[in-house]
>>> print(open('structure.pdb').read())   # PDB, C-alpha atoms
ATOM      1  CA  MET A   1      61.549  96.072 207.011  1.00  0.00           C
ATOM      2  CA  VAL A   2      59.384  98.552 208.913  1.00  0.00           C
ATOM      3  CA  GLN A   3      61.439  97.821 212.041  1.00  0.00           C
ATOM      4  CA  TYR A   4      64.662  98.484 210.143  1.00  0.00           C
ATOM      5  CA  GLU A   5      63.284 101.665 208.590  1.00  0.00           C
ATOM      6  CA  SER A   6      62.147 103.133 211.872  1.00  0.00           C
ATOM      7  CA  GLU A   7      65.459 102.258 213.536  1.00  0.00           C
ATOM      8  CA  LEU A   8      67.363 104.124 210.811  1.00  0.00           C
ATOM      9  CA  ASP A   9      64.897 107.052 211.082  1.00  0.00           C
ATOM     10  CA  LYS A  10      65.637 107.247 214.798  1.00  0.00           C
ATOM     11  CA  THR A  11      69.399 107.035 214.290  1.00  0.00           C
ATOM     12  CA  LEU A  12      69.459 109.757 211.641  1.00  0.00           C
ATOM     13  CA  ALA A  13      67.226 112.057 213.700  1.00  0.00           C
ATOM     14  CA  ALA A  14      69.445 111.474 216.751  1.00  0.00           C
ATOM     15  CA  LEU A  15      72.550 112.398 214.760  1.00  0.00           C
ATOM     16  CA  ALA A  16      70.949 115.484 213.149  1.00  0.00           C
ATOM     17  CA  ASP A  17      72.227 117.718 215.928  1.00  0.00           C
ATOM     18  CA  SER A  18      75.801 118.920 216.312  1.00  0.00           C
ATOM     19  CA  ASN A  19      75.664 118.740 220.137  1.00  0.00           C
ATOM     20  CA  ARG A  20      74.630 115.088 219.966  1.00  0.00           C
ATOM     21  CA  ARG A  21      77.358 114.321 217.424  1.00  0.00           C
ATOM     22  CA  ALA A  22      79.833 116.037 219.773  1.00  0.00           C
ATOM     23  CA  LEU A  23      78.657 113.757 222.617  1.00  0.00           C
ATOM     24  CA  VAL A  24      79.102 110.684 220.400  1.00  0.00           C
ATOM     25  CA  GLU A  25      82.605 111.816 219.413  1.00  0.00           C
ATOM     26  CA  ARG A  26      83.521 112.475 223.047  1.00  0.00           C
ATOM     27  CA  LEU A  27      82.266 109.016 224.112  1.00  0.00           C
ATOM     28  CA  GLY A  28      84.308 107.521 221.291  1.00  0.00           C
ATOM     29  CA  ARG A  29      87.380 108.468 223.335  1.00  0.00           C
ATOM     30  CA  GLY A  30      86.050 106.650 226.414  1.00  0.00           C
ATOM     31  CA  SER A  31      83.136 106.312 228.828  1.00  0.00           C
ATOM     32  CA  ALA A  32      82.191 109.334 230.931  1.00  0.00           C
ATOM     33  CA  THR A  33      79.642 110.527 233.469  1.00  0.00           C
ATOM     34  CA  VAL A  34      76.972 113.063 232.524  1.00  0.00           C
ATOM     35  CA  SER A  35      78.814 115.929 234.237  1.00  0.00           C
ATOM     36  CA  GLU A  36      82.152 114.935 232.640  1.00  0.00           C
ATOM     37  CA  LEU A  37      80.369 115.181 229.281  1.00  0.00           C
ATOM     38  CA  ALA A  38      78.465 118.404 229.913  1.00  0.00           C
ATOM     39  CA  GLU A  39      81.224 120.697 231.170  1.00  0.00           C
ATOM     40  CA  PRO A  40      83.842 120.603 228.376  1.00  0.00           C
ATOM     41  CA  LEU A  41      81.101 120.872 225.752  1.00  0.00           C
ATOM     42  CA  GLY A  42      79.648 123.933 227.527  1.00  0.00           C
ATOM     43  CA  MET A  43      76.284 122.236 227.897  1.00  0.00           C
ATOM     44  CA  THR A  44      73.876 122.255 230.838  1.00  0.00           C
ATOM     45  CA  LEU A  45      73.287 119.014 232.760  1.00  0.00           C
ATOM     46  CA  THR A  46      69.611 119.088 231.788  1.00  0.00           C
ATOM     47  CA  GLY A  47      70.402 119.596 228.112  1.00  0.00           C
ATOM     48  CA  THR A  48      73.058 116.879 228.172  1.00  0.00           C
ATOM     49  CA  LYS A  49      70.656 114.405 229.783  1.00  0.00           C
ATOM     50  CA  LYS A  50      68.016 115.180 227.158  1.00  0.00           C
ATOM     51  CA  HIS A  51      70.476 114.638 224.312  1.00  0.00           C
ATOM     52  CA  LEU A  52      71.774 111.429 225.926  1.00  0.00           C
ATOM     53  CA  ARG A  53      68.239 110.053 226.197  1.00  0.00           C
ATOM     54  CA  ILE A  54      67.684 110.589 222.458  1.00  0.00           C
ATOM     55  CA  LEU A  55      71.050 108.963 221.659  1.00  0.00           C
ATOM     56  CA  GLU A  56      70.252 106.064 224.002  1.00  0.00           C
ATOM     57  CA  GLU A  57      66.868 105.460 222.340  1.00  0.00           C
ATOM     58  CA  ALA A  58      68.692 105.280 219.005  1.00  0.00           C
ATOM     59  CA  GLY A  59      71.159 102.751 220.480  1.00  0.00           C
ATOM     60  CA  LEU A  60      74.127 105.057 219.927  1.00  0.00           C
ATOM     61  CA  VAL A  61      74.833 105.451 223.636  1.00  0.00           C
ATOM     62  CA  THR A  62      74.449 103.094 226.606  1.00  0.00           C
ATOM     63  CA  THR A  63      74.099 104.465 230.116  1.00  0.00           C
ATOM     64  CA  GLU A  64      74.650 102.570 233.332  1.00  0.00           C
ATOM     65  CA  LYS A  65      74.112 103.602 236.924  1.00  0.00           C
ATOM     66  CA  VAL A  66      77.386 103.232 238.877  1.00  0.00           C
ATOM     67  CA  GLY A  67      76.903 104.284 242.500  1.00  0.00           C
ATOM     68  CA  ARG A  68      75.408 107.785 242.355  1.00  0.00           C
ATOM     69  CA  ALA A  69      76.712 108.585 238.886  1.00  0.00           C
ATOM     70  CA  ARG A  70      75.425 107.589 235.462  1.00  0.00           C
ATOM     71  CA  VAL A  71      78.231 106.357 233.206  1.00  0.00           C
ATOM     72  CA  CYS A  72      77.738 106.704 229.462  1.00  0.00           C
ATOM     73  CA  SER A  73      79.423 104.617 226.762  1.00  0.00           C
ATOM     74  CA  LEU A  74      79.341 104.426 222.993  1.00  0.00           C
ATOM     75  CA  GLY A  75      77.140 101.862 221.234  1.00  0.00           C
ATOM     76  CA  PRO A  76      75.915  99.183 220.857  1.00  0.00           C
ATOM     77  CA  ARG A  77      74.277 100.380 217.591  1.00  0.00           C
ATOM     78  CA  ARG A  78      76.328  99.623 214.505  1.00  0.00           C
ATOM     79  CA  LEU A  79      75.823 101.958 211.552  1.00  0.00           C
ATOM     80  CA  ASP A  80      76.052  99.332 208.810  1.00  0.00           C
ATOM     81  CA  ASP A  81      72.635 100.279 207.375  1.00  0.00           C
ATOM     82  CA  LEU A  82      73.598 103.965 207.248  1.00  0.00           C
ATOM     83  CA  GLU A  83      76.925 103.069 205.669  1.00  0.00           C
ATOM     84  CA  VAL A  84      75.112 101.041 202.981  1.00  0.00           C
ATOM     85  CA  PHE A  85      72.811 103.987 202.272  1.00  0.00           C
ATOM     86  CA  VAL A  86      75.644 106.525 202.012  1.00  0.00           C
ATOM     87  CA  GLU A  87      77.660 104.217 199.744  1.00  0.00           C
ATOM     88  CA  SER A  88      74.625 103.594 197.526  1.00  0.00           C
ATOM     89  CA  TYR A  89      73.887 107.345 197.330  1.00  0.00           C
ATOM     90  CA  ARG A  90      77.463 108.058 196.274  1.00  0.00           C
ATOM     91  CA  ARG A  91      77.375 105.426 193.551  1.00  0.00           C
ATOM     92  CA  MET A  92      74.054 106.800 192.236  1.00  0.00           C
ATOM     93  CA  LEU A  93      75.380 110.380 192.274  1.00  0.00           C
ATOM     94  CA  ASP A  94      78.566 109.360 190.444  1.00  0.00           C
ATOM     95  CA  ALA A  95      76.513 107.498 187.811  1.00  0.00           C
ATOM     96  CA  ARG A  96      74.336 110.582 187.345  1.00  0.00           C
ATOM     97  CA  LEU A  97      77.391 112.836 186.922  1.00  0.00           C
ATOM     98  CA  ASP A  98      78.831 110.345 184.405  1.00  0.00           C
ATOM     99  CA  ARG A  99      75.590 110.441 182.393  1.00  0.00           C
ATOM    100  CA  LEU A 100      75.590 114.261 182.498  1.00  0.00           C
ATOM    101  CA  GLY A 101      79.218 114.282 181.347  1.00  0.00           C
ATOM    102  CA  GLU A 102      78.356 112.024 178.408  1.00  0.00           C
ATOM    103  CA  LEU A 103      75.474 114.290 177.421  1.00  0.00           C
ATOM    104  CA  VAL A 104      77.708 117.384 177.508  1.00  0.00           C
ATOM    105  CA  GLU A 105      80.348 115.572 175.421  1.00  0.00           C
ATOM    106  CA  LYS A 106      77.761 114.438 172.876  1.00  0.00           C
ATOM    107  CA  GLN A 107      76.365 117.981 172.627  1.00  0.00           C
ATOM    108  CA  GLN A 108      79.855 119.411 172.128  1.00  0.00           C
ATOM    109  CA  LYS A 109      80.529 116.926 169.296  1.00  0.00           C
ATOM    110  CA  GLU A 110      77.226 117.840 167.651  1.00  0.00           C
ATOM    111  CA  ASP A 111      78.027 121.548 167.954  1.00  0.00           C
ATOM    112  CA  GLU A 112      81.464 120.973 166.397  1.00  0.00           C
ATOM    113  CA  GLY A 113      80.200 118.650 163.632  1.00  0.00           C
TER     114      GLY A 113
ATOM    115  CA  MET B   1      82.546 125.071 211.015  1.00  0.00           C
ATOM    116  CA  VAL B   2      79.073 126.290 211.999  1.00  0.00           C
ATOM    117  CA  GLN B   3      78.139 126.302 208.300  1.00  0.00           C
ATOM    118  CA  TYR B   4      79.367 122.723 207.900  1.00  0.00           C
ATOM    119  CA  GLU B   5      77.600 121.594 211.079  1.00  0.00           C
ATOM    120  CA  SER B   6      74.249 123.023 210.093  1.00  0.00           C
ATOM    121  CA  GLU B   7      74.529 121.569 206.583  1.00  0.00           C
ATOM    122  CA  LEU B   8      75.079 118.094 208.046  1.00  0.00           C
ATOM    123  CA  ASP B   9      72.207 118.666 210.524  1.00  0.00           C
ATOM    124  CA  LYS B  10      69.932 119.474 207.589  1.00  0.00           C
ATOM    125  CA  THR B  11      71.091 116.460 205.576  1.00  0.00           C
ATOM    126  CA  LEU B  12      70.601 114.017 208.452  1.00  0.00           C
ATOM    127  CA  ALA B  13      67.165 115.434 209.305  1.00  0.00           C
ATOM    128  CA  ALA B  14      66.164 115.209 205.628  1.00  0.00           C
ATOM    129  CA  LEU B  15      67.234 111.561 205.485  1.00  0.00           C
ATOM    130  CA  ALA B  16      65.536 110.638 208.790  1.00  0.00           C
ATOM    131  CA  ASP B  17      62.343 109.640 206.981  1.00  0.00           C
ATOM    132  CA  SER B  18      61.831 106.436 205.033  1.00  0.00           C
ATOM    133  CA  ASN B  19      59.621 108.155 202.415  1.00  0.00           C
ATOM    134  CA  ARG B  20      62.343 110.678 201.692  1.00  0.00           C
ATOM    135  CA  ARG B  21      65.000 107.952 201.501  1.00  0.00           C
ATOM    136  CA  ALA B  22      62.704 106.110 199.052  1.00  0.00           C
ATOM    137  CA  LEU B  23      62.520 109.272 196.902  1.00  0.00           C
ATOM    138  CA  VAL B  24      66.316 109.581 196.943  1.00  0.00           C
ATOM    139  CA  GLU B  25      66.696 105.920 195.955  1.00  0.00           C
ATOM    140  CA  ARG B  26      64.143 106.313 193.151  1.00  0.00           C
ATOM    141  CA  LEU B  27      65.948 109.408 191.800  1.00  0.00           C
ATOM    142  CA  GLY B  28      69.187 107.466 191.886  1.00  0.00           C
ATOM    143  CA  ARG B  29      67.789 105.413 189.005  1.00  0.00           C
ATOM    144  CA  GLY B  30      67.086 108.563 186.969  1.00  0.00           C
ATOM    145  CA  SER B  31      65.322 111.932 186.948  1.00  0.00           C
ATOM    146  CA  ALA B  32      61.531 112.011 187.276  1.00  0.00           C
ATOM    147  CA  THR B  33      58.601 114.402 187.559  1.00  0.00           C
ATOM    148  CA  VAL B  34      56.725 114.826 190.838  1.00  0.00           C
ATOM    149  CA  SER B  35      53.806 112.656 189.688  1.00  0.00           C
ATOM    150  CA  GLU B  36      56.153 109.950 188.372  1.00  0.00           C
ATOM    151  CA  LEU B  37      57.686 109.865 191.852  1.00  0.00           C
ATOM    152  CA  ALA B  38      54.460 110.002 193.860  1.00  0.00           C
ATOM    153  CA  GLU B  39      52.444 107.221 192.233  1.00  0.00           C
ATOM    154  CA  PRO B  40      54.698 104.135 192.532  1.00  0.00           C
ATOM    155  CA  LEU B  41      55.575 105.101 196.100  1.00  0.00           C
ATOM    156  CA  GLY B  42      51.880 105.401 196.987  1.00  0.00           C
ATOM    157  CA  MET B  43      52.334 109.004 198.100  1.00  0.00           C
ATOM    158  CA  THR B  44      50.083 112.025 197.537  1.00  0.00           C
ATOM    159  CA  LEU B  45      51.317 114.828 195.278  1.00  0.00           C
ATOM    160  CA  THR B  46      51.164 117.270 198.205  1.00  0.00           C
ATOM    161  CA  GLY B  47      53.155 114.941 200.460  1.00  0.00           C
ATOM    162  CA  THR B  48      55.702 114.254 197.739  1.00  0.00           C
ATOM    163  CA  LYS B  49      56.196 117.982 197.082  1.00  0.00           C
ATOM    164  CA  LYS B  50      56.715 118.605 200.793  1.00  0.00           C
ATOM    165  CA  HIS B  51      59.316 115.846 201.059  1.00  0.00           C
ATOM    166  CA  LEU B  52      61.049 117.054 197.882  1.00  0.00           C
ATOM    167  CA  ARG B  53      61.301 120.577 199.292  1.00  0.00           C
ATOM    168  CA  ILE B  54      63.063 119.263 202.407  1.00  0.00           C
ATOM    169  CA  LEU B  55      65.414 117.148 200.268  1.00  0.00           C
ATOM    170  CA  GLU B  56      66.084 120.137 197.991  1.00  0.00           C
ATOM    171  CA  GLU B  57      66.939 122.392 200.949  1.00  0.00           C
ATOM    172  CA  ALA B  58      69.441 119.752 202.060  1.00  0.00           C
ATOM    173  CA  GLY B  59      70.952 119.688 198.544  1.00  0.00           C
ATOM    174  CA  LEU B  60      70.057 116.021 198.040  1.00  0.00           C
ATOM    175  CA  VAL B  61      67.614 116.746 195.210  1.00  0.00           C
ATOM    176  CA  THR B  62      67.581 119.375 192.464  1.00  0.00           C
ATOM    177  CA  THR B  63      64.311 120.366 190.812  1.00  0.00           C
ATOM    178  CA  GLU B  64      63.925 122.163 187.502  1.00  0.00           C
ATOM    179  CA  LYS B  65      60.829 123.488 185.769  1.00  0.00           C
ATOM    180  CA  VAL B  66      60.533 121.906 182.294  1.00  0.00           C
ATOM    181  CA  GLY B  67      57.419 123.164 180.526  1.00  0.00           C
ATOM    182  CA  ARG B  68      54.529 122.550 182.910  1.00  0.00           C
ATOM    183  CA  ALA B  69      56.259 119.781 184.840  1.00  0.00           C
ATOM    184  CA  ARG B  70      58.891 119.902 187.571  1.00  0.00           C
ATOM    185  CA  VAL B  71      61.714 117.460 186.920  1.00  0.00           C
ATOM    186  CA  CYS B  72      63.638 116.175 189.937  1.00  0.00           C
ATOM    187  CA  SER B  73      67.191 114.843 189.949  1.00  0.00           C
ATOM    188  CA  LEU B  74      69.625 113.514 192.522  1.00  0.00           C
ATOM    189  CA  GLY B  75      72.289 115.780 194.028  1.00  0.00           C
ATOM    190  CA  PRO B  76      74.350 117.925 193.982  1.00  0.00           C
ATOM    191  CA  ARG B  77      75.114 117.296 197.687  1.00  0.00           C
ATOM    192  CA  ARG B  78      77.949 114.862 198.278  1.00  0.00           C
ATOM    193  CA  LEU B  79      77.859 112.928 201.548  1.00  0.00           C
ATOM    194  CA  ASP B  80      81.600 112.958 202.238  1.00  0.00           C
ATOM    195  CA  ASP B  81      81.107 114.561 205.674  1.00  0.00           C
ATOM    196  CA  LEU B  82      78.511 111.941 206.651  1.00  0.00           C
ATOM    197  CA  GLU B  83      80.781 109.183 205.363  1.00  0.00           C
ATOM    198  CA  VAL B  84      83.647 110.529 207.511  1.00  0.00           C
ATOM    199  CA  PHE B  85      81.371 110.581 210.563  1.00  0.00           C
ATOM    200  CA  VAL B  86      80.092 107.016 210.023  1.00  0.00           C
ATOM    201  CA  GLU B  87      83.617 105.711 209.449  1.00  0.00           C
ATOM    202  CA  SER B  88      84.890 107.481 212.575  1.00  0.00           C
ATOM    203  CA  TYR B  89      81.965 106.122 214.644  1.00  0.00           C
ATOM    204  CA  ARG B  90      82.726 102.583 213.468  1.00  0.00           C
ATOM    205  CA  ARG B  91      86.406 102.880 214.370  1.00  0.00           C
ATOM    206  CA  MET B  92      85.505 104.231 217.827  1.00  0.00           C
ATOM    207  CA  LEU B  93      82.962 101.453 218.418  1.00  0.00           C
ATOM    208  CA  ASP B  94      85.450  98.773 217.333  1.00  0.00           C
ATOM    209  CA  ALA B  95      88.097 100.242 219.652  1.00  0.00           C
ATOM    210  CA  ARG B  96      85.599 100.211 222.528  1.00  0.00           C
ATOM    211  CA  LEU B  97      84.679  96.573 221.845  1.00  0.00           C
ATOM    212  CA  ASP B  98      88.395  95.685 221.712  1.00  0.00           C
ATOM    213  CA  ARG B  99      88.939  97.336 225.112  1.00  0.00           C
ATOM    214  CA  LEU B 100      85.933  95.481 226.552  1.00  0.00           C
ATOM    215  CA  GLY B 101      87.289  92.216 225.130  1.00  0.00           C
ATOM    216  CA  GLU B 102      90.661  92.835 226.789  1.00  0.00           C
ATOM    217  CA  LEU B 103      88.960  93.531 230.113  1.00  0.00           C
ATOM    218  CA  VAL B 104      86.941  90.306 229.885  1.00  0.00           C
ATOM    219  CA  GLU B 105      90.091  88.339 229.003  1.00  0.00           C
ATOM    220  CA  LYS B 106      92.013  89.895 231.907  1.00  0.00           C
ATOM    221  CA  GLN B 107      89.172  89.086 234.305  1.00  0.00           C
ATOM    222  CA  GLN B 108      89.031  85.482 233.072  1.00  0.00           C
ATOM    223  CA  LYS B 109      92.793  85.062 233.636  1.00  0.00           C
ATOM    224  CA  GLU B 110      92.477  86.508 237.138  1.00  0.00           C
ATOM    225  CA  ASP B 111      89.567  84.145 237.891  1.00  0.00           C
ATOM    226  CA  GLU B 112      91.594  81.179 236.649  1.00  0.00           C
ATOM    227  CA  GLY B 113      94.782  82.230 238.471  1.00  0.00           C
TER     228      GLY B 113
END
>>> encode(input="structure.pdb", output="structure tokens")
Amino acid sequence: MVQYESELDKTLAALADSNRRALVERLGRGSATVSELAEPLGMTLTGTKKHLRILEEAGLVTTEKVGRARVCSLGPRRLDDLEVFVESYRRMLDARLDRLGELVEKQQKEDEG
Amino acid sequence: MVQYESELDKTLAALADSNRRALVERLGRGSATVSELAEPLGMTLTGTKKHLRILEEAGLVTTEKVGRARVCSLGPRRLDDLEVFVESYRRMLDARLDRLGELVEKQQKEDEG
């Protein structure tokens, strides 16, 4: 459980940055070298490498040395645990809004009666 | 867009802590005061308040002063943007695995031929 928790912590922290999400989205369209990633996103090579290291530690990106370049790819991390959390949060929020709605309705009936 | 990005940054950073996710899950079962939250989770009041402030800034928790107590509730933040991201990541990862599978299959056929 602790293992699972800390893995999700790492994933969420890695994704809590719009530059890193942009890298993930770019790699979703296909593998790329560090410089192919950096330039169109207007990022420095150093910054890109730093972000990639954080994404790699969270399992969201794999990097592989090919000749003199480092090729980056999406994965292998699946986000099933995050998906479960988001789905559970939504259900809880909907239930809360339903309860609030019922309270408002009850109050209105009391005010009318 | 910048507004949206920074809101999602804040949400992901707020959720990147198992204690804060535990608070969110507890509040999903109903509103509670700070001390009602702290005790069963084995957290200090000071720590709980700190976590709640981060969750509140991310819109995941609302707090309201009722008499001398502070009552905490889930929401109002919806996680539609996070859900869209997770869904998009999953589709991209599946597509990548499909492409890898095709490559492996092609290689196998070439080896056999």
>>> closest_atom_pairs(input="structure.pdb", of="stretch 19-50 of chain A", to="stretch 8-29 of chain B", cutoff="12 Å", atoms="all atoms listed in the file", output="JSON lines")
{"residue": "A:Asn19", "atom": "CA", "partner": "B:Asp9", "partner_atom": "CA", "distance": 10.2}
{"residue": "A:Arg20", "atom": "CA", "partner": "B:Asp9", "partner_atom": "CA", "distance": 10.4}
{"residue": "A:Arg21", "atom": "CA", "partner": "B:Asp9", "partner_atom": "CA", "distance": 9.6}
>>> axis_aligned_box(input="structure.pdb", around="stretch 105-108 of chain A", padding_each_side="6 Å", output="AutoDock Vina command-line options")
--center_x 78.4 --center_y 116.9 --center_z 173.8 --size_x 16.0 --size_y 17.0 --size_z 15.3
>>> residues_around(input="structure.pdb", residues="stretch 44-46 of chain A", least_positions_apart="4", cutoff="8 Å", atoms="all atoms listed in the file", output="PyMOL selection string")
chain A and resi 34-35+38-39+50
>>> atom_distance(input="structure.pdb", atom1="atom CA of A:Glu56", atom2="atom CA of B:Arg99")
20.7 Å
>>> closest_residue(input="structure.pdb", among="B:His51, B:Gly30, B:Gln108, B:Tyr89", to="B:Cys72", atoms="all atoms listed in the file")
B:Gly30
>>> resolve_selection(input="structure.pdb", expression="the PyMOL selection byres ((chain A and resi 59) around 10)", output="number ranges by chain")
A: 7, 10-11, 14, 53-58, 60-62, 74-78
>>> residues_around(input="structure.pdb", residues="B:Leu82", least_positions_apart="3", cutoff="8 Å", atoms="only C-alpha atoms", output="ChimeraX atom specification")
/A:86 /B:8,79,85-86
>>> write_last_selection(input="structure.pdb", atoms="C-alpha atoms", output="PDB file, in the coordinates of the input")
ATOM      1  CA  VAL A  86      75.644 106.525 202.012  1.00  0.00           C
TER       2      VAL A  86
ATOM      3  CA  LEU B   8      75.079 118.094 208.046  1.00  0.00           C
ATOM      4  CA  LEU B  79      77.859 112.928 201.548  1.00  0.00           C
ATOM      5  CA  PHE B  85      81.371 110.581 210.563  1.00  0.00           C
ATOM      6  CA  VAL B  86      80.092 107.016 210.023  1.00  0.00           C
TER       7      VAL B  86
END
>>> atom_distance(input="structure.pdb", atom1="atom CA of B:Ser6", atom2="atom CA of A:Thr63")
27.3 Å
>>> atom_distance(input="structure.pdb", atom1="atom CA of A:Glu36", atom2="atom CA of A:Glu64")
14.5 Å
>>> closest_residue(input="structure.pdb", among="B:Leu52, B:Leu93, B:Ala69, B:Val104", to="chain A", atoms="all atoms listed in the file")
B:Leu93
>>> closest_residue(input="structure.pdb", among="B:Thr48, B:Asp81, B:Lys65, B:Thr33", to="chain A", atoms="all atoms listed in the file")
B:Asp81
>>> decode(input="structure.pdb", residues="stretch 36-67 of chain B", atoms="C-alpha atoms", output="PDB file, in the first residue's frame")
ATOM      1  CA  GLU B  36     -13.010  14.837  13.406  1.00  0.00           C
ATOM      2  CA  LEU B  37     -10.719  14.570  10.381  1.00  0.00           C
ATOM      3  CA  ALA B  38      -7.395  14.597  12.227  1.00  0.00           C
ATOM      4  CA  GLU B  39      -7.967  11.904  14.846  1.00  0.00           C
ATOM      5  CA  PRO B  40      -8.944   8.809  12.806  1.00  0.00           C
ATOM      6  CA  LEU B  41      -6.208   9.586  10.287  1.00  0.00           C
ATOM      7  CA  GLY B  42      -3.626   9.835  13.081  1.00  0.00           C
ATOM      8  CA  MET B  43      -2.708  13.375  12.056  1.00  0.00           C
ATOM      9  CA  THR B  44      -1.966  16.419  14.222  1.00  0.00           C
ATOM     10  CA  LEU B  45      -4.407  19.339  14.169  1.00  0.00           C
ATOM     11  CA  THR B  46      -1.662  21.622  12.824  1.00  0.00           C
ATOM     12  CA  GLY B  47      -0.768  19.179  10.047  1.00  0.00           C
ATOM     13  CA  THR B  48      -4.412  18.640   9.155  1.00  0.00           C
ATOM     14  CA  LYS B  49      -5.051  22.398   8.950  1.00  0.00           C
ATOM     15  CA  LYS B  50      -2.033  22.825   6.683  1.00  0.00           C
ATOM     16  CA  HIS B  51      -3.192  20.058   4.348  1.00  0.00           C
ATOM     17  CA  LEU B  52      -6.750  21.434   4.342  1.00  0.00           C
ATOM     18  CA  ARG B  53      -5.477  24.878   3.351  1.00  0.00           C
ATOM     19  CA  ILE B  54      -3.673  23.403   0.334  1.00  0.00           C
ATOM     20  CA  LEU B  55      -6.780  21.407  -0.634  1.00  0.00           C
ATOM     21  CA  GLU B  56      -8.953  24.512  -0.190  1.00  0.00           C
ATOM     22  CA  GLU B  57      -6.680  26.609  -2.427  1.00  0.00           C
ATOM     23  CA  ALA B  58      -7.047  23.916  -5.087  1.00  0.00           C
ATOM     24  CA  GLY B  59     -10.853  24.039  -4.703  1.00  0.00           C
ATOM     25  CA  LEU B  60     -11.031  20.403  -3.587  1.00  0.00           C
ATOM     26  CA  VAL B  61     -12.283  21.274  -0.097  1.00  0.00           C
ATOM     27  CA  THR B  62     -14.542  24.045   1.198  1.00  0.00           C
ATOM     28  CA  THR B  63     -14.352  25.118   4.833  1.00  0.00           C
ATOM     29  CA  GLU B  64     -16.971  27.086   6.730  1.00  0.00           C
ATOM     30  CA  LYS B  65     -16.920  28.498  10.244  1.00  0.00           C
ATOM     31  CA  VAL B  66     -19.885  27.101  12.226  1.00  0.00           C
ATOM     32  CA  GLY B  67     -19.859  28.448  15.775  1.00  0.00           C
TER      33      GLY B  67
END
